[in-house]
Amino acid sequence: ETGLPRNLIGNLLSGLEHHVNSLRGALRGSWRLWRTWGTHEVPTRAPPFSVRAALAVAHHLWMWGYRGAAILTCLGFDRFLRTMEFLSLTAAQLTFDARLSRVHIMLPWSKGAARRGASEGVVVTDATLIRLLHGLTRDVMPGDRLVGISARQYRVLFDQAISALGLRQDFKPYSLRRGGATHHFRRWCNMSWTMEVGRWSDFRTAKIYVDSALLDLTNILLL
């Protein structure tokens, strides 16, 4: 009610059970309330981007001289990557085929990958994006990050681009993932394919994610 995040309470309960042996298994009522909170609380998510909004932000970053940030913004939307997944990419994580028609991107080890016991990756097939990524990798050493700036600097630049475009201030870098997934589903109407690109393993979770983003995007376009 006062705005405290739910995960703070989850961390508190976990910490109590971890450090106080007598409390292990004795907080079932608290955990039940915590789960009820999660069931009834409406999640606050960054609204999804449209294609035009994503390209407009990338254009501003490019014109301001942040070429790597602009290209990875497009990549984040196209393959709906999580923010730190595309901001932490190094040249060594990208593998191009001989004809530059495909690029495989090996992603950092994540919780989802740990659950499945396998590393995660995405394949990019957009010709323009592949050429831009290939040019970007030639300018850096294999272990260097492609974005060239810190995550904090990127978020500041992202907010400045949002302001320059006159867009709502609640758009955040995570809007790229939500908007990318929504655009992919609207274009192909294939939830299984959208799940594969977004690396969701549970159909119900993916459907809720995409459906809520579609509703948000519809409301935005109607404003």
# chains A, B, ... in the order shown; residues from 1 in each chain; ligands from 1

call {"tool": "select_by_dssp", "arguments": {"residues": "stretch 106-179 of chain A", "states": "helix (DSSP H, G or I)", "output": "JSON, numbers by chain"}}
result
{"A": [111, 112, 113, 114, 115, 116, 127, 128, 129, 130, 131, 132, 133, 134, 135, 136, 137, 138, 151, 152, 153, 154, 155, 156, 157, 158, 159, 160, 161, 162, 163, 164, 165, 174, 175, 176, 177, 178, 179]}

call {"tool": "residues_around", "arguments": {"residues": "A:Ala92", "least_positions_apart": "5", "cutoff": "10 Å", "atoms": "only C-alpha atoms", "output": "mmCIF file with C-alpha atoms, in the first residue's frame"}}
result
data_model
loop_
_atom_site.group_PDB
_atom_site.id
_atom_site.type_symbol
_atom_site.label_atom_id
_atom_site.label_comp_id
_atom_site.auth_asym_id
_atom_site.auth_seq_id
_atom_site.Cartn_x
_atom_site.Cartn_y
_atom_site.Cartn_z
ATOM 1 C CA ILE A 105 24.256 -14.631 -30.857
ATOM 2 C CA MET A 106 25.241 -16.636 -27.809
ATOM 3 C CA THR A 137 32.340 -6.214 -34.510
ATOM 4 C CA VAL A 140 36.416 -3.812 -31.437
ATOM 5 C CA MET A 141 38.428 -6.647 -29.910
ATOM 6 C CA PRO A 142 36.617 -9.986 -29.364
ATOM 7 C CA GLY A 143 36.223 -9.413 -25.623
ATOM 8 C CA ASP A 144 35.091 -5.782 -25.893
ATOM 9 C CA ARG A 145 31.460 -4.820 -25.346
ATOM 10 C CA LEU A 146 29.712 -3.662 -28.504
#

call {"tool": "closest_atom_pairs", "arguments": {"of": "stretch 6-75 of chain A", "to": "stretch 200-215 of chain A", "cutoff": "10 Å", "atoms": "only C-alpha atoms", "output": "tab-separated table"}}
result
residue	atom	partner	partner_atom	distance
A:Arg45	CA	A:Ala213	CA	9.2
A:Ala46	CA	A:Ala213	CA	9.5
A:Pro47	CA	A:Ala213	CA	7.2
A:Pro48	CA	A:Ala213	CA	6.1
A:Phe49	CA	A:Ala213	CA	9.3

call {"tool": "atom_distance", "arguments": {"atom1": "atom CA of A:Phe158", "atom2": "atom CA of A:Ala70"}}
result
9.9 Å

call {"tool": "residues_around", "arguments": {"residues": "A:Phe171", "least_positions_apart": "4", "cutoff": "12 Å", "atoms": "only C-alpha atoms", "output": "JSON, numbers by chain"}}
result
{"A": [44, 45, 46, 47, 48, 49, 50, 53, 54, 57, 155, 158, 159, 160, 161, 162, 163, 165, 166, 167, 175, 176, 177, 178, 179, 216, 217, 220]}

call {"tool": "write_last_selection", "arguments": {"atoms": "C-alpha atoms", "output": "PDB file, in the first residue's frame"}}
result
ATOM      1  CA  THR A  44       3.676  -2.248 -13.367  1.00  0.00           C
ATOM      2  CA  ARG A  45       5.543  -2.811 -16.618  1.00  0.00           C
ATOM      3  CA  ALA A  46       7.132  -0.438 -19.080  1.00  0.00           C
ATOM      4  CA  PRO A  47       4.717   0.035 -22.008  1.00  0.00           C
ATOM      5  CA  PRO A  48       5.672  -1.688 -25.285  1.00  0.00           C
ATOM      6  CA  PHE A  49       7.330   0.149 -28.157  1.00  0.00           C
ATOM      7  CA  SER A  50       5.988   0.237 -31.686  1.00  0.00           C
ATOM      8  CA  ALA A  53       9.194   4.370 -31.748  1.00  0.00           C
ATOM      9  CA  ALA A  54      12.098   1.911 -31.550  1.00  0.00           C
ATOM     10  CA  VAL A  57      15.053   6.223 -30.549  1.00  0.00           C
ATOM     11  CA  ARG A 155      19.590   4.539 -19.849  1.00  0.00           C
ATOM     12  CA  PHE A 158      17.449   6.470 -23.804  1.00  0.00           C
ATOM     13  CA  ASP A 159      15.516   8.838 -21.540  1.00  0.00           C
ATOM     14  CA  GLN A 160      16.913  11.836 -23.449  1.00  0.00           C
ATOM     15  CA  ALA A 161      15.770  10.311 -26.744  1.00  0.00           C
ATOM     16  CA  ILE A 162      12.305   9.712 -25.277  1.00  0.00           C
ATOM     17  CA  SER A 163      12.134  13.364 -24.219  1.00  0.00           C
ATOM     18  CA  LEU A 165      10.659  12.578 -29.334  1.00  0.00           C
ATOM     19  CA  GLY A 166       7.964  13.841 -26.979  1.00  0.00           C
ATOM     20  CA  LEU A 167       7.038  10.324 -25.902  1.00  0.00           C
ATOM     21  CA  SER A 175       9.874  -1.460 -23.708  1.00  0.00           C
ATOM     22  CA  LEU A 176      12.055  -2.855 -26.501  1.00  0.00           C
ATOM     23  CA  ARG A 177      11.517  -6.458 -25.366  1.00  0.00           C
ATOM     24  CA  ARG A 178       7.786  -6.028 -24.799  1.00  0.00           C
ATOM     25  CA  GLY A 179       7.321  -4.188 -28.079  1.00  0.00           C
ATOM     26  CA  ASP A 216      -1.125  -1.810 -23.749  1.00  0.00           C
ATOM     27  CA  LEU A 217      -0.012  -1.044 -27.301  1.00  0.00           C
ATOM     28  CA  ILE A 220      -1.285   3.743 -26.557  1.00  0.00           C
TER      29      ILE A 220
END

call {"tool": "select_by_dssp", "arguments": {"residues": "stretch 38-215 of chain A", "states": "strand (DSSP E)", "output": "list in words"}}
result
Leu94, Thr95, Phe96, Val103, His104, Ile105, Met106, Gly121, Val122, Val123 and Val124 of chain A

call {"tool": "closest_residue", "arguments": {"among": "A:Thr83, A:Trp188, A:Leu13, A:Gly25", "to": "A:Lys172", "atoms": "only C-alpha atoms"}}
result
A:Thr83

call {"tool": "atom_distance", "arguments": {"atom1": "atom CA of A:Asp78", "atom2": "atom CA of A:Gly180"}}
result
5.8 Å

call {"tool": "residues_around", "arguments": {"residues": "A:Leu27", "least_positions_apart": "2", "cutoff": "12 Å", "atoms": "only C-alpha atoms", "output": "list in words"}}
result
Gly10, Leu12, Leu13, Ser14, Gly15, Leu16, Glu17, His18, Val20, Asn21, Ser22, Leu23, Arg24, Gly25, Gly29, Ser30, Trp31, Arg32, Leu33 and Trp34 of chain A

call {"tool": "atom_distance", "arguments": {"atom1": "atom CA of A:Arg99", "atom2": "atom CA of A:Arg199"}}
result
26.4 Å

call {"tool": "closest_residue", "arguments": {"among": "A:Val51, A:Ile149, A:Ala69, A:Leu87", "to": "A:His184", "atoms": "only C-alpha atoms"}}
result
A:Val51
